[in-house]
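> Below is the structure I would like to discuss, written out as structure tokens.
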Amino acid sequence: MNAIEIENLTKYYGKSRGIIDVNLEVKEGEVFGFIGPNGAGKSTTIRTLLAFIFPDSGNAKILGMDCLKDQARIKMNIGYLPSEVNYYDDMNVRDLLLYSAKFYRKDCTKRINELSEILELDLNKKIDSLSYGNKKKVAVIQSLLHEPKLLILDEPTGGLDPLMQNRFFDILKYENKKGVTIFFSSHILSEVQKMCNRVAIVKEGRMLKVETIDRLRGEKHRKVMVELKNKDDILAVPGMRNLERNDNNIQFLYSGDINDLLKKLALLEIDNLWLEEPSLEEIFMHYYES
Ligand SMILES: Nc1ncnc2c1ncn2[C@@H]1O[C@H](COP(=O)(O)OP(=O)(O)OP(=O)(O)O)[C@@H](O)[C@H]1O
């Protein structure tokens, strides 16, 4: 079964575009990344899934349940971490977490204690007195305390320092090993690379591509930098893209046969040559550029 199924989902805010015709399937047990620049439509997709806002057209299912009709049942089975956390309350952290646990009709005390220990969060502190990062930890625990089958995380690492980000990722890896599906949005490629099996790329409200991380890497993109002796020489090989040229220096991404490239290069006088593995950021860049 798919943990998430989105079909032709469209949402406008008045006349302005939120998301257009988004289709997506996330399989049970996957760690799925949802990546795109600011304003691409990640949060809109997630908020529509959670029925915080309503789509203009299309539909979505979570764990086989309809996102609009079955939203109460869905909320019992998923954990959600919003990108921005806001708490205004003079409760202490423990009471707030126990209060949210009541919604699930479960005793979550042990789990709250374990998670707060891993994240070094003092449960006796008043929620109002916490820094943003510590409030984010409260939200992380809130999303996990009832042992949900699916975690929906909207830019989850914002506000957590690098040590806590690592602990958080360790928690996610552990949960995933237990079978929990994880769907998380991010504009930070390295964290997607670290965590995900598959990734969907979203741009200007539309889905551009769904790809496995292995495939993206396996497409054998190479970053090529050539310093030519003669600035008028031309280098053109099928498979070149993101070409940047500055007098004698040429830089591009190459996904063709390396032998074809070497044959072309052998015809030119070259001062220097670098071949590198591009970062995912560089591989993705052409999806983001028009
Ligand atoms: N409440 C709103 N009213 C009007 N337009 C909105 C609203 N929320 C989002 N939008 C618009 O919808 C589009 C998608 O925004 P969304 O927040 O979903 O993107 P995002 O990918 O989550 O970006 P970010 O990383 O900046 O949160 C943007 O053009 C944004 O301006």
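By convention here, the chains of the structure tokens are called A, B, ... in the order presented, each chain's residues are numbered starting at 1, and ligands are numbered starting at 1 in the order presented.
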I'd like the contact shell of A:Ile258 - 12 Å cut-off, only C-alpha atoms, skipping same-chain residues fewer than 4 positions apart - returned as a VMD selection string.
chain A and resid 220 to 224 237 to 240 253 to 254 262 to 265 275
> At a cut-off of 9 Å around ligand 1, and using only C-alpha atoms and all ligand atoms, what residues come up? Please write them as a PyMOL selection string.
chain A and resi 11-19+35-47+83+154-155+185-187+202-205
> Would you mind telling me which residue in A:Ala266, A:Leu96, A:Leu243, A:Ile213 lies nearest to A:Arg198 when using only C-alpha atoms?
A:Ile213
> Find the distance between atom CA of A:Phe32 and atom CA of A:Asp56 and write it in Å to one decimal.
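Computed distance, atom CA of A:Phe32 to atom CA of A:Asp56, equals 25.0 Å.
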> Could you check the closest approach to A:Cys108 for each of A:Ser190, A:Thr181, A:Gln142, A:Asn248 and tell me which residue wins, using only C-alpha atoms?
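Checking each of A:Ser190, A:Thr181, A:Gln142, A:Asn248 against A:Cys108, counting only C-alpha atoms, the winner is A:Gln142.
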> With only C-alpha atoms as the counted atoms, please give the residues lying no more than 9 Å from A:Leu49, apart from itself and same-chain residues fewer than 4 positions off, as a ChimeraX atom specification.
/A:4,6,44-45,53-54,59-62,67-68
> Write to file, as a compact mmCIF listing (two decimals), in the first residue's frame, the residues of the selection just made, with C-alpha atoms.

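Final output, again_10.txt:
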```txt
# COMPACT_ATOMS: atom_id res chain seq x y z
CA ILE A 4 0.66 8.84 0.63
CA ILE A 6 -1.71 12.55 -4.24
CA THR A 44 1.04 24.03 0.55
CA THR A 45 1.15 20.35 -0.43
CA ILE A 53 -6.35 24.08 3.79
CA PHE A 54 -8.63 22.72 1.09
CA ASN A 59 -7.56 14.45 -4.02
CA ALA A 60 -5.16 12.79 -1.65
CA LYS A 61 -5.02 9.73 0.55
CA ILE A 62 -2.93 9.02 3.61
CA CYS A 67 -7.46 13.37 3.47
CA LEU A 68 -10.68 15.34 3.73
```
> Might you pull out every residue within 7 Å of A:Lys125, with only C-alpha atoms counted and same-chain residues fewer than 2 positions away left off, and present them as a list of chain:residue names?
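Counting only C-alpha atoms, the residues come to A:Asn92, A:Val93, A:Asp122, A:Leu123, A:Ile127.
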> Would you save the residues of that selection, restricted to C-alpha atoms, as a CSV table (one decimal), in the first residue's frame?

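Generated file (out.csv):
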```csv
chain,number,residue,atom,x,y,z
A,92,ASN,CA,5.7,23.2,31.6
A,93,VAL,CA,7.0,21.0,28.8
A,122,ASP,CA,14.3,19.8,30.2
A,123,LEU,CA,10.7,18.7,30.7
A,127,ILE,CA,7.3,26.3,27.5
```
> Excluding A:Leu119 and any residue of its chain fewer than 6 positions from it, enumerate the residues within 8 Å of it, using only C-alpha atoms, and give them as a list in words.
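Skipping anything fewer than 6 positions along the chain leaves Lys137, Met164, Arg167 and Phe168 of chain A.
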> Check the smallest atom-to-atom distance from each of A:Leu97, A:Val31, A:Ala236, A:Ala72 to A:Ile182 using only C-alpha atoms, then report the winner.
A:Val31
> Just list as a PDB file with C-alpha atoms, in the first residue's frame whatever in stretch 16-264 of chain A DSSP marks as alpha helix (DSSP H).

```pdb
ATOM      1  CA  LYS A  42       6.097  22.179  -0.354  1.00  0.00           C
ATOM      2  CA  SER A  43       4.183  23.544   2.630  1.00  0.00           C
ATOM      3  CA  THR A  44       1.041  24.029   0.550  1.00  0.00           C
ATOM      4  CA  THR A  45       1.146  20.349  -0.427  1.00  0.00           C
ATOM      5  CA  ILE A  46       1.667  19.273   3.174  1.00  0.00           C
ATOM      6  CA  ARG A  47      -1.035  21.589   4.553  1.00  0.00           C
ATOM      7  CA  THR A  48      -3.466  20.269   1.957  1.00  0.00           C
ATOM      8  CA  LEU A  49      -2.604  16.690   2.910  1.00  0.00           C
ATOM      9  CA  GLN A  71      -8.882  13.568   8.666  1.00  0.00           C
ATOM     10  CA  ALA A  72      -9.629  12.687  12.312  1.00  0.00           C
ATOM     11  CA  ARG A  73      -8.604   9.052  11.814  1.00  0.00           C
ATOM     12  CA  ILE A  74      -5.553  10.112   9.832  1.00  0.00           C
ATOM     13  CA  LYS A  75      -4.379  12.391  12.643  1.00  0.00           C
ATOM     14  CA  MET A  76      -4.395   9.467  15.087  1.00  0.00           C
ATOM     15  CA  ASN A  77      -1.913   7.613  12.866  1.00  0.00           C
ATOM     16  CA  VAL A  93       6.987  21.008  28.812  1.00  0.00           C
ATOM     17  CA  ARG A  94       6.042  17.708  30.473  1.00  0.00           C
ATOM     18  CA  ASP A  95       2.428  18.780  31.062  1.00  0.00           C
ATOM     19  CA  LEU A  96       2.093  20.071  27.529  1.00  0.00           C
ATOM     20  CA  LEU A  97       3.384  16.802  26.075  1.00  0.00           C
ATOM     21  CA  LEU A  98       1.195  14.676  28.370  1.00  0.00           C
ATOM     22  CA  TYR A  99      -1.747  16.848  27.391  1.00  0.00           C
ATOM     23  CA  SER A 100      -1.122  16.245  23.689  1.00  0.00           C
ATOM     24  CA  ALA A 101      -0.655  12.523  24.384  1.00  0.00           C
ATOM     25  CA  LYS A 102      -4.232  12.406  25.734  1.00  0.00           C
ATOM     26  CA  THR A 109       5.233   8.883  29.374  1.00  0.00           C
ATOM     27  CA  LYS A 110       8.080   6.460  28.699  1.00  0.00           C
ATOM     28  CA  ARG A 111       8.470   7.644  25.135  1.00  0.00           C
ATOM     29  CA  ILE A 112       8.403  11.319  26.180  1.00  0.00           C
ATOM     30  CA  ASN A 113      11.148  10.630  28.719  1.00  0.00           C
ATOM     31  CA  GLU A 114      13.286   8.745  26.191  1.00  0.00           C
ATOM     32  CA  LEU A 115      12.977  11.355  23.476  1.00  0.00           C
ATOM     33  CA  SER A 116      13.585  14.290  25.802  1.00  0.00           C
ATOM     34  CA  GLU A 117      16.728  12.583  27.032  1.00  0.00           C
ATOM     35  CA  ILE A 118      18.052  12.040  23.499  1.00  0.00           C
ATOM     36  CA  TYR A 132      13.246  28.610  19.535  1.00  0.00           C
ATOM     37  CA  GLY A 133      15.490  25.546  19.166  1.00  0.00           C
ATOM     38  CA  ASN A 134      14.108  24.028  22.364  1.00  0.00           C
ATOM     39  CA  LYS A 135      10.535  24.760  21.267  1.00  0.00           C
ATOM     40  CA  LYS A 136      11.364  22.918  18.060  1.00  0.00           C
ATOM     41  CA  LYS A 137      12.469  19.920  20.163  1.00  0.00           C
ATOM     42  CA  VAL A 138       9.075  19.989  21.904  1.00  0.00           C
ATOM     43  CA  ALA A 139       7.425  19.865  18.477  1.00  0.00           C
ATOM     44  CA  VAL A 140       9.702  16.987  17.437  1.00  0.00           C
ATOM     45  CA  ILE A 141       8.635  15.004  20.520  1.00  0.00           C
ATOM     46  CA  GLN A 142       4.995  15.910  19.894  1.00  0.00           C
ATOM     47  CA  SER A 143       5.244  14.469  16.401  1.00  0.00           C
ATOM     48  CA  LEU A 144       6.750  11.200  17.673  1.00  0.00           C
ATOM     49  CA  PRO A 162      24.055  20.441  14.064  1.00  0.00           C
ATOM     50  CA  LEU A 163      24.409  18.063  17.039  1.00  0.00           C
ATOM     51  CA  MET A 164      20.634  17.972  17.552  1.00  0.00           C
ATOM     52  CA  GLN A 165      20.030  17.612  13.819  1.00  0.00           C
ATOM     53  CA  ASN A 166      22.189  14.487  13.895  1.00  0.00           C
ATOM     54  CA  ARG A 167      20.346  13.105  16.918  1.00  0.00           C
ATOM     55  CA  PHE A 168      17.054  13.853  15.196  1.00  0.00           C
ATOM     56  CA  PHE A 169      18.188  12.043  12.044  1.00  0.00           C
ATOM     57  CA  ASP A 170      19.290   9.078  14.183  1.00  0.00           C
ATOM     58  CA  ILE A 171      15.795   8.987  15.705  1.00  0.00           C
ATOM     59  CA  LEU A 172      14.287   9.069  12.210  1.00  0.00           C
ATOM     60  CA  LYS A 173      16.548   6.269  10.993  1.00  0.00           C
ATOM     61  CA  TYR A 174      15.553   4.164  13.992  1.00  0.00           C
ATOM     62  CA  GLU A 175      11.861   4.843  13.408  1.00  0.00           C
ATOM     63  CA  ASN A 176      12.220   3.985   9.723  1.00  0.00           C
ATOM     64  CA  LYS A 177      13.903   0.680  10.624  1.00  0.00           C
ATOM     65  CA  LEU A 189      20.055  18.885  -0.361  1.00  0.00           C
ATOM     66  CA  SER A 190      22.645  17.343   1.916  1.00  0.00           C
ATOM     67  CA  GLU A 191      20.013  16.259   4.442  1.00  0.00           C
ATOM     68  CA  VAL A 192      17.856  14.761   1.719  1.00  0.00           C
ATOM     69  CA  GLN A 193      20.905  12.958   0.411  1.00  0.00           C
ATOM     70  CA  LYS A 194      21.680  11.613   3.884  1.00  0.00           C
ATOM     71  CA  MET A 195      18.177  10.419   4.689  1.00  0.00           C
ATOM     72  CA  ILE A 213      18.816   9.169  -4.785  1.00  0.00           C
ATOM     73  CA  ASP A 214      20.895   6.286  -6.185  1.00  0.00           C
ATOM     74  CA  ARG A 215      19.658   7.007  -9.714  1.00  0.00           C
ATOM     75  CA  LEU A 216      20.392  10.705  -9.398  1.00  0.00           C
ATOM     76  CA  ARG A 217      23.894   9.855  -8.360  1.00  0.00           C
ATOM     77  CA  GLY A 218      24.056   6.985 -10.836  1.00  0.00           C
ATOM     78  CA  ILE A 258      33.407   9.951 -21.127  1.00  0.00           C
ATOM     79  CA  ASN A 259      35.271   8.597 -24.203  1.00  0.00           C
ATOM     80  CA  ASP A 260      33.392  11.005 -26.498  1.00  0.00           C
ATOM     81  CA  LEU A 261      34.416  13.883 -24.283  1.00  0.00           C
ATOM     82  CA  LEU A 262      38.054  12.775 -24.174  1.00  0.00           C
ATOM     83  CA  LYS A 263      38.187  12.445 -27.975  1.00  0.00           C
ATOM     84  CA  LYS A 264      36.920  16.024 -28.373  1.00  0.00           C
TER      85      LYS A 264
END
```
> Please list as a ChimeraX atom specification every residue within 7 Å of A:Ile152, counting only C-alpha atoms and excluding residues in the same chain fewer than 2 positions away.
/A:79-81,150,154,182-184
> Just N, CA and C atoms for this one: save the residues we selected as an mmCIF file, in the first residue's frame.

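Dumped to selection.cif:
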```cif
data_model
loop_
_atom_site.group_PDB
_atom_site.id
_atom_site.type_symbol
_atom_site.label_atom_id
_atom_site.label_comp_id
_atom_site.auth_asym_id
_atom_site.auth_seq_id
_atom_site.Cartn_x
_atom_site.Cartn_y
_atom_site.Cartn_z
ATOM 1 N N GLY A 79 2.358 11.564 12.505
ATOM 2 C CA GLY A 79 3.008 12.617 13.282
ATOM 3 C C GLY A 79 3.362 13.739 12.332
ATOM 4 N N TYR A 80 3.124 14.968 12.755
ATOM 5 C CA TYR A 80 3.380 16.117 11.879
ATOM 6 C C TYR A 80 4.274 17.116 12.598
ATOM 7 N N LEU A 81 5.297 17.547 11.903
ATOM 8 C CA LEU A 81 6.174 18.588 12.450
ATOM 9 C C LEU A 81 6.116 19.794 11.514
ATOM 10 N N LEU A 150 3.311 7.089 10.131
ATOM 11 C CA LEU A 150 3.812 7.985 9.086
ATOM 12 C C LEU A 150 4.192 9.312 9.721
ATOM 13 N N ASP A 154 7.865 19.071 7.868
ATOM 14 C CA ASP A 154 8.003 20.210 6.966
ATOM 15 C C ASP A 154 9.259 20.990 7.354
ATOM 16 N N ILE A 182 8.516 7.981 6.265
ATOM 17 C CA ILE A 182 8.883 9.372 6.561
ATOM 18 C C ILE A 182 8.821 10.195 5.279
ATOM 19 N N PHE A 183 8.076 11.283 5.353
ATOM 20 C CA PHE A 183 7.948 12.199 4.214
ATOM 21 C C PHE A 183 8.445 13.535 4.697
ATOM 22 N N PHE A 184 9.549 14.022 4.119
ATOM 23 C CA PHE A 184 9.959 15.324 4.621
ATOM 24 C C PHE A 184 10.403 16.288 3.553
#
```
> Which residues in stretch 24-239 of chain A does DSSP call strand (DSSP E or B)? List them as an MDAnalysis selection string.
chainID A and resid 24:27 31:35 57:62 65:66 78:81 92 126 150:154 181:186 198:203 206:212 222:228
> Please identify all polymer residues within 8 Å of A:Asp89, counting only C-alpha atoms, omitting same-chain residues fewer than 2 positions from it, and present them as a list in words.
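The residues that qualify are Tyr87, Met91, Lys126, Ile127 and Asp128 of chain A.
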> Would you compute the distance between atom CA of A:Leu151 and atom CA of A:Glu282? Give it in Å to one decimal.
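Separating atom CA of A:Leu151 from atom CA of A:Glu282 is a distance of 28.4 Å.
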> Go through A:Glu211, A:Glu227, A:Glu30, A:Asp90 one by one, measure the shortest atom-to-atom distance of each to A:Phe284 using only C-alpha atoms, and give the residue with the smallest value.
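Closest residue, counting only C-alpha atoms: A:Glu211.
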